[in-house]
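> Just passing along the structure, written as structure tokens.
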Amino acid sequence: MNILFAFLIIAALGLLLGMGLALAAKKFAVKKDEKAEKILDILPGANCGACGYPGCSGYASALSAGTAENGLCSPGGAKTTALVAKILGMADGGGTQERMVAFVHCRGNNELTKRDYQYEGIEECSAAYMLHQGDSTCKYGCLHLGSCMRVCPTNAIHRDGKGNVTVDPDACIGCRKCTLVCPTKVIRMIPARGSHAIGCNSRDKGAVVRKICQVGCIACKICEKKFPESGCTVIDNLSEIDYDKPMVQIADAAAACPTKCIVEAK
Amino acid sequence: MAYIAIFITYIFINNFILTQFLGLCPFIGVSKNSESAIGMGMAVTFVMGIASIITWLVYTLLLVPLQLEYLQTLSFILVIASLVQFVEMVIQKNSPALYQALGIFLPLITTNCAVLGIAVMNITEGYNLMESFAAGIAAGIGFTLVLVLMSNIRERMDLHPVRKSFKGVPIAFISGGLMALAFMAFDKSLLTNLLG
């Protein structure tokens with residue numbers, strides 16, 4: 001008899017709570033944004049934050065609410081942009097942004113660049129940067145401790161045989177996380193179609209660069225003057241490539257560069 | 001006085017994680033960064049407080065009169081699980097901001113042993129309704145305290161060169177063990193010294 005009673009009580013309790021929950025689910029139902037969910041399915045789901053929203057779901061709800069601009073998703077690229085535009089009912093593809101990839105604008109390393117001191121601390125670029133802006137005499141270059149490699153969501157950043165840090169442009173999704181974590185800002189974005197890039201970030205005067213680094217830009221302006229069609233301009237002691245220009249002579253300029261700091265980006 | 005004693009007891013002396021070893025799953029799982037540790041701590045405190053009241057009522061008003069005390073574990077699990085679900089729905093509807101902050105953590109504590117633990121403990125200690133509520137809140141605060149401490153330790157540990165075989169969870173367990181040793185310093189004498 002007791003057993004039956006216990007059974008009835010638990011069954012009644014379960015039934016009551018279950019019914020209560022079912023009623024509550026109806027009463028407190030929150031309308032889900034169907035458009036946002038459809039968009040979320042299309043987005044790559046990398047949650048990289050390149051669009052400036054907290055993860056893909058944040059961007060999806062902002063897109064569906066109309067507060068975000070289409071085409072901010074760099075991992076998804078043009079394909080995603082077009083699909084999202086379809087859901088949102090936009091006529092054109094929306095974003096015309098081209099694919100950007102990260103590039104480490106430094107080819108210096110322990111052998112080619114002078115050191116101020118020997119760094120033996122935490123393996124984190126920001127920690128080394130706190131001590132006289134890093135152990136390298138050049139205060140603009142790569143610190144080689146690999147903070148960018150650790151934040152990269154696609155493992156696109158590697159160390160090559162000489163110890164230099166390089167980004168694989170095919171694996172890079174353009175999320176800009178490495179550019180944010182880099183204390184010397186030596187990682188910047190370049191268009192993925194660019195064939196060449198400047199392998200130096202130093203704004204020091206040519207004479208100073210010559211003394212401390214064998215592969216730095218010495219601002220000799222050979223690229224700018226002899227190859228006007230290369231797209232190179234020396235600004236503030238550093239050559240810069242304007243990727244909007246035709247860049248037809250860039251390969252010649254790279255060959256003529258005395259310190260070979262115009263390097264191939266592929 | 002009795003309430004102060006309850007708070008000191010459940011925050012320090014009988015701390016849920018480090019002395020009673022309840023709720024170890026979130027202790028390891030959600031202590032990677034301090035923001036989510038605070039979120040989880042708040043969610044647990046919230047649920048523990050409410051669950052204490054409801055389970056006390058169920059026990060005293062339903063199980064005791066019917067002489068079915070042995071059903072307490074089963075009925076408590078039922079009540080707590082549906083309570084958490086219900087609270088989640090209410091929050092989602094009424095306060096999207098709080099839902100964003102707690103949302104992910106609420107389903108995680110549906111069947112957390114720490115919540116069931118405080119419900120059972122309230123009965124065995126013979127607390128009345130208000131004392132049960134105070135014990136629930138205090139246990140939640142103790143839980144939050146340890147979770148925040150642990151998350152800060154782990155955040156710092158991430159910056160240090162830990163051997164590969166110890167990286168991640170193993171070193172977290174060792175740190176947790178050391179913290180438990182430290183918390184053993186709190187015992188009944190703390191209560192007698194403070195409150196006489």
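Letters A, B, ... mark the chains of the structure tokens in the order given; residue numbers begin at 1 per chain; ligand numbers begin at 1, in order shown.
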Write out as CSV a residue-level contact list of chain B versus chain A with cut-off 10 Å: for each qualifying residue the closest pair of atoms and the distance in Å to one decimal, counting only C-alpha atoms, rows sorted by chain and residue number upward.

```
residue,atom,partner,partner_atom,distance
B:Leu62,CA,A:Ile9,CA,9.1
B:Leu63,CA,A:Ile9,CA,9.1
B:Leu66,CA,A:Phe5,CA,8.9
B:Gln67,CA,A:Asn2,CA,9.5
B:Leu68,CA,A:Ala6,CA,6.9
B:Tyr70,CA,A:Ala6,CA,9.5
B:Leu71,CA,A:Ala6,CA,7.7
B:Leu74,CA,A:Ile10,CA,8.2
B:Ser75,CA,A:Ile10,CA,6.8
B:Leu78,CA,A:Gly14,CA,6.9
B:Val79,CA,A:Leu17,CA,7.4
B:Ala81,CA,A:Leu17,CA,9.6
B:Ser82,CA,A:Leu17,CA,6.5
B:Leu83,CA,A:Leu17,CA,8.6
B:Gln85,CA,A:Leu21,CA,7.6
B:Phe86,CA,A:Leu21,CA,6.3
B:Val87,CA,A:Ala24,CA,9.8
B:Glu88,CA,A:Phe28,CA,9.9
B:Met89,CA,A:Phe28,CA,6.1
B:Val90,CA,A:Phe28,CA,6.3
B:Ile91,CA,A:Phe28,CA,9.1
B:Gln92,CA,A:Val30,CA,7.3
B:Lys93,CA,A:Phe28,CA,5.7
B:Asn94,CA,A:Phe28,CA,8.5
B:Leu159,CA,A:Ile122,CA,7.0
B:His160,CA,A:Ile122,CA,6.6
B:Pro161,CA,A:Ile122,CA,7.4
```
> Using only C-alpha atoms, which protein or nucleic acid residues come within 8 Å of range 180-193 of chain B? Drop anything in the same chain fewer than 5 positions from it, and give the result as an MDAnalysis selection string.
chainID B and resid 5 8:9 12:13 15 18:19
> Generate the output file for the selected residues, N, CA and C atoms, as a compact mmCIF listing (two decimals), in the first residue's frame.

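Listing of selection-v5.txt after writing:
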```
# COMPACT_ATOMS: atom_id res chain seq x y z
N ALA B 5 26.45 32.92 11.41
CA ALA B 5 27.12 31.63 11.55
C ALA B 5 26.90 30.78 10.31
N ILE B 8 29.16 32.15 7.46
CA ILE B 8 30.58 31.79 7.62
C ILE B 8 30.78 30.31 7.38
N THR B 9 29.84 29.51 7.88
CA THR B 9 29.96 28.06 7.73
C THR B 9 30.00 27.66 6.26
N PHE B 12 33.16 29.50 4.16
CA PHE B 12 34.55 29.11 4.45
C PHE B 12 34.67 27.69 4.99
N ILE B 13 33.96 27.39 6.10
CA ILE B 13 34.24 26.13 6.80
C ILE B 13 33.78 24.93 5.99
N ASN B 15 32.95 24.91 2.76
CA ASN B 15 32.88 25.35 1.37
C ASN B 15 32.53 24.19 0.45
N LEU B 18 35.70 23.08 -2.04
CA LEU B 18 37.01 22.70 -1.52
C LEU B 18 36.94 21.85 -0.25
N THR B 19 35.79 21.84 0.43
CA THR B 19 35.71 21.00 1.63
C THR B 19 34.78 19.81 1.41
```
> So that I can see what lies close to Lys225 in chain A, please list as a PyMOL selection string the residues with an atom at most 12 Å from it, counting only C-alpha atoms and leaving out residues fewer than 3 positions away in the same chain.
chain A and resi 219-222+228-234+239+249+253+256-257
> Store the residues of this selection in a file with N, CA and C atoms, as a compact mmCIF listing (two decimals), in the first residue's frame.

```txt
# COMPACT_ATOMS: atom_id res chain seq x y z
N ALA A 219 65.43 53.36 -47.12
CA ALA A 219 64.81 54.55 -47.71
C ALA A 219 65.68 55.18 -48.79
N CYS A 220 66.30 54.34 -49.66
CA CYS A 220 67.16 54.85 -50.72
C CYS A 220 66.35 55.39 -51.88
N LYS A 221 65.07 55.06 -51.93
CA LYS A 221 64.13 55.54 -52.95
C LYS A 221 64.41 55.01 -54.35
N ILE A 222 65.23 53.96 -54.48
CA ILE A 222 65.47 53.38 -55.81
C ILE A 222 64.16 52.87 -56.40
N PRO A 228 58.84 53.91 -61.38
CA PRO A 228 57.64 54.67 -60.98
C PRO A 228 56.35 53.86 -61.13
N GLU A 229 56.40 52.81 -61.97
CA GLU A 229 55.18 52.01 -62.17
C GLU A 229 55.08 50.85 -61.17
N SER A 230 56.01 50.82 -60.18
CA SER A 230 55.98 49.70 -59.24
C SER A 230 54.95 49.90 -58.14
N GLY A 231 54.53 51.15 -57.95
CA GLY A 231 53.56 51.40 -56.88
C GLY A 231 54.23 51.72 -55.56
N CYS A 232 55.58 51.69 -55.53
CA CYS A 232 56.29 51.95 -54.28
C CYS A 232 56.45 53.45 -54.06
N THR A 233 56.25 53.88 -52.83
CA THR A 233 56.53 55.25 -52.43
C THR A 233 57.22 55.21 -51.08
N VAL A 234 58.26 56.00 -50.91
CA VAL A 234 58.93 56.03 -49.61
C VAL A 234 58.29 57.13 -48.78
N SER A 239 59.53 52.36 -47.42
CA SER A 239 58.85 52.18 -48.69
C SER A 239 57.48 51.55 -48.46
N GLN A 249 55.94 47.15 -62.45
CA GLN A 249 57.40 47.01 -62.34
C GLN A 249 57.83 46.48 -60.99
N ALA A 253 61.61 46.16 -59.31
CA ALA A 253 61.97 46.95 -58.13
C ALA A 253 62.48 46.03 -57.03
N ALA A 256 65.96 45.09 -57.74
CA ALA A 256 66.92 46.19 -57.64
C ALA A 256 67.11 46.66 -56.20
N CYS A 257 66.22 46.31 -55.31
CA CYS A 257 66.30 46.79 -53.92
C CYS A 257 67.62 46.34 -53.29
```
> As a PyMOL selection string, please: the residues near Gly23 in chain B (cut-off 9 Å, only C-alpha atoms, same-chain neighbours under 4 positions excluded).
chain B and resi 16-17+27+112-115+143
> Pick the closest to Gly177 in chain B from B:Ile6, B:Leu129, B:Phe21, B:Thr60: which is it, counting only C-alpha atoms?
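Between B:Ile6, B:Leu129, B:Phe21, B:Thr60, the residue approaching Gly177 in chain B most closely is B:Phe21.
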> Which one is closest to Ala82 in chain A: A:Ala171, A:Glu37, A:Ala65, A:Ile42? Count only C-alpha atoms.
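Residue with the minimum atom-to-atom distance to Ala82 in chain A: A:Ile42.
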> Tell me which of A:Lys35, A:Lys86, A:Arg115, A:Arg99 sits closest to Ile212 in chain A, counting only C-alpha atoms.
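Checking each candidate against Ile212 in chain A, we get A:Arg115 as the closest.
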> Mind checking which residues fall within 12 Å of Ser36 in chain B, counting only C-alpha atoms, ignoring those fewer than 2 positions away in the same chain, and posting them as a list of chain:residue names?
B:Pro26, B:Phe27, B:Gly29, B:Val30, B:Ser31, B:Lys32, B:Asn33, B:Ser34, B:Ile38, B:Gly39, B:Met40, B:Gly41, B:Met42, B:Ala43, B:Gln100, B:Ala101, B:Leu102, B:Gly103, B:Ile104, B:Phe105, B:Thr144, B:Leu147, B:Val148, B:Met150, B:Ser151, B:Asn152
> Any chance you could export the current selection's N, CA and C atoms as a PDB file, in the first residue's frame?

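selection_30.pdb was written with the following content:
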```pdb
ATOM      1  N   PRO B  26      31.737  22.121 -12.727  1.00  0.00           N
ATOM      2  CA  PRO B  26      31.956  23.512 -13.133  1.00  0.00           C
ATOM      3  C   PRO B  26      33.268  24.078 -12.598  1.00  0.00           C
ATOM      4  N   PHE B  27      33.730  23.570 -11.457  1.00  0.00           N
ATOM      5  CA  PHE B  27      34.990  24.059 -10.877  1.00  0.00           C
ATOM      6  C   PHE B  27      36.141  23.901 -11.868  1.00  0.00           C
ATOM      7  N   GLY B  29      35.484  22.954 -15.267  1.00  0.00           N
ATOM      8  CA  GLY B  29      35.015  23.275 -16.615  1.00  0.00           C
ATOM      9  C   GLY B  29      34.858  24.746 -16.896  1.00  0.00           C
ATOM     10  N   VAL B  30      34.405  25.524 -15.921  1.00  0.00           N
ATOM     11  CA  VAL B  30      34.060  26.923 -16.188  1.00  0.00           C
ATOM     12  C   VAL B  30      35.046  27.872 -15.513  1.00  0.00           C
ATOM     13  N   SER B  31      36.229  27.377 -15.148  1.00  0.00           N
ATOM     14  CA  SER B  31      37.157  28.272 -14.451  1.00  0.00           C
ATOM     15  C   SER B  31      38.309  28.705 -15.348  1.00  0.00           C
ATOM     16  N   LYS B  32      38.088  28.695 -16.667  1.00  0.00           N
ATOM     17  CA  LYS B  32      39.189  29.080 -17.554  1.00  0.00           C
ATOM     18  C   LYS B  32      39.367  30.582 -17.611  1.00  0.00           C
ATOM     19  N   ASN B  33      38.264  31.359 -17.544  1.00  0.00           N
ATOM     20  CA  ASN B  33      38.440  32.808 -17.444  1.00  0.00           C
ATOM     21  C   ASN B  33      37.469  33.386 -16.441  1.00  0.00           C
ATOM     22  N   SER B  34      37.859  34.519 -15.848  1.00  0.00           N
ATOM     23  CA  SER B  34      37.134  34.994 -14.668  1.00  0.00           C
ATOM     24  C   SER B  34      35.742  35.508 -15.017  1.00  0.00           C
ATOM     25  N   ILE B  38      32.416  34.253 -12.965  1.00  0.00           N
ATOM     26  CA  ILE B  38      31.465  35.097 -12.233  1.00  0.00           C
ATOM     27  C   ILE B  38      30.044  34.797 -12.707  1.00  0.00           C
ATOM     28  N   GLY B  39      29.866  34.642 -14.018  1.00  0.00           N
ATOM     29  CA  GLY B  39      28.541  34.325 -14.555  1.00  0.00           C
ATOM     30  C   GLY B  39      27.995  33.037 -13.974  1.00  0.00           C
ATOM     31  N   MET B  40      28.844  32.009 -13.982  1.00  0.00           N
ATOM     32  CA  MET B  40      28.429  30.711 -13.439  1.00  0.00           C
ATOM     33  C   MET B  40      28.135  30.821 -11.956  1.00  0.00           C
ATOM     34  N   GLY B  41      28.978  31.536 -11.230  1.00  0.00           N
ATOM     35  CA  GLY B  41      28.793  31.692  -9.789  1.00  0.00           C
ATOM     36  C   GLY B  41      27.463  32.351  -9.475  1.00  0.00           C
ATOM     37  N   MET B  42      27.134  33.412 -10.238  1.00  0.00           N
ATOM     38  CA  MET B  42      25.868  34.101  -9.998  1.00  0.00           C
ATOM     39  C   MET B  42      24.696  33.175 -10.280  1.00  0.00           C
ATOM     40  N   ALA B  43      24.787  32.403 -11.373  1.00  0.00           N
ATOM     41  CA  ALA B  43      23.698  31.490 -11.729  1.00  0.00           C
ATOM     42  C   ALA B  43      23.493  30.456 -10.636  1.00  0.00           C
ATOM     43  N   GLN B 100      21.457  36.676 -21.418  1.00  0.00           N
ATOM     44  CA  GLN B 100      22.746  36.645 -22.121  1.00  0.00           C
ATOM     45  C   GLN B 100      23.874  36.317 -21.155  1.00  0.00           C
ATOM     46  N   ALA B 101      23.784  36.893 -19.930  1.00  0.00           N
ATOM     47  CA  ALA B 101      24.866  36.709 -18.965  1.00  0.00           C
ATOM     48  C   ALA B 101      24.835  35.314 -18.350  1.00  0.00           C
ATOM     49  N   LEU B 102      23.637  34.827 -17.995  1.00  0.00           N
ATOM     50  CA  LEU B 102      23.534  33.540 -17.304  1.00  0.00           C
ATOM     51  C   LEU B 102      23.190  32.393 -18.246  1.00  0.00           C
ATOM     52  N   GLY B 103      22.581  32.751 -19.389  1.00  0.00           N
ATOM     53  CA  GLY B 103      21.925  31.782 -20.266  1.00  0.00           C
ATOM     54  C   GLY B 103      22.637  30.469 -20.465  1.00  0.00           C
ATOM     55  N   ILE B 104      23.911  30.523 -20.826  1.00  0.00           N
ATOM     56  CA  ILE B 104      24.635  29.299 -21.146  1.00  0.00           C
ATOM     57  C   ILE B 104      24.831  28.454 -19.900  1.00  0.00           C
ATOM     58  N   PHE B 105      24.906  29.121 -18.733  1.00  0.00           N
ATOM     59  CA  PHE B 105      25.259  28.390 -17.526  1.00  0.00           C
ATOM     60  C   PHE B 105      24.053  27.750 -16.864  1.00  0.00           C
ATOM     61  N   THR B 144      30.966  30.680  -5.711  1.00  0.00           N
ATOM     62  CA  THR B 144      31.452  31.756  -6.571  1.00  0.00           C
ATOM     63  C   THR B 144      32.870  32.169  -6.186  1.00  0.00           C
ATOM     64  N   LEU B 147      35.356  29.669  -7.391  1.00  0.00           N
ATOM     65  CA  LEU B 147      35.425  29.658  -8.854  1.00  0.00           C
ATOM     66  C   LEU B 147      36.223  30.860  -9.370  1.00  0.00           C
ATOM     67  N   VAL B 148      35.993  32.026  -8.753  1.00  0.00           N
ATOM     68  CA  VAL B 148      36.712  33.235  -9.175  1.00  0.00           C
ATOM     69  C   VAL B 148      38.194  33.122  -8.831  1.00  0.00           C
ATOM     70  N   MET B 150      39.933  30.391  -8.522  1.00  0.00           N
ATOM     71  CA  MET B 150      40.525  29.400  -9.410  1.00  0.00           C
ATOM     72  C   MET B 150      40.734  29.965 -10.811  1.00  0.00           C
ATOM     73  N   SER B 151      39.742  30.727 -11.295  1.00  0.00           N
ATOM     74  CA  SER B 151      39.869  31.241 -12.659  1.00  0.00           C
ATOM     75  C   SER B 151      41.023  32.227 -12.750  1.00  0.00           C
ATOM     76  N   ASN B 152      41.223  33.026 -11.686  1.00  0.00           N
ATOM     77  CA  ASN B 152      42.357  33.957 -11.716  1.00  0.00           C
ATOM     78  C   ASN B 152      43.680  33.217 -11.680  1.00  0.00           C
TER      79      ASN B 152
END
```
> Can you pull out every residue within 6 Å of range 47-62 of chain A, counting only C-alpha atoms, but drop anything in the same chain fewer than 5 positions away, and send it as number ranges by chain?
A: 36, 39-40, 67-68, 72-73, 175
> Please provide the set of residues having any atom within 8 Å of Ser202 in chain A, restricted to only C-alpha atoms, with same-chain residues fewer than 5 positions apart removed, written as a ChimeraX atom specification.
/A:138-141,209,216-217,237-238
> Which residue out of B:Leu24, B:Met1, B:Leu61, B:Leu194 has the minimum interatomic distance to Ala172 in chain B when only C-alpha atoms are used?
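Nearest candidate to Ala172 in chain B out of B:Leu24, B:Met1, B:Leu61, B:Leu194: B:Leu24.
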> DSSP on the backbone, then: every residue of range 72-250 of chain A marked helix (DSSP H, G or I), written as a ChimeraX atom specification.
/A:77-88,125-130,147-151,177-181,206-212,222-226,228-230,250
> Would you mind reading off the distance between CA of Thr137 in chain A and CA of Asp116 in chain A, one decimal, in Å?
5.2 Å
> Quick check, in Å to one decimal: how far apart do CA of Val248 in chain A and CA of Phe227 in chain A lie?
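That distance, rounded to one decimal, is 9.1 Å.
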> For Ile190 in chain A, which residue out of A:Lys38, A:Arg159, A:Lys266, A:Lys32 is the nearest one, using only C-alpha atoms?
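Of A:Lys38, A:Arg159, A:Lys266, A:Lys32, the one nearest Ile190 in chain A, counting only C-alpha atoms, is A:Lys266.
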> Suppose you want the space between CA of Ile218 in chain A and CA of His196 in chain A; what is it in Å?
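According to the coordinates, CA of Ile218 in chain A and CA of His196 in chain A are separated by 17.8 Å.
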> Measuring atom to atom with only C-alpha atoms, identify which of A:Lys205, A:Arg188, A:Lys245, A:Arg176 is nearest to Ser74 in chain A.
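Checking each candidate against Ser74 in chain A, we get A:Arg176 as the closest.
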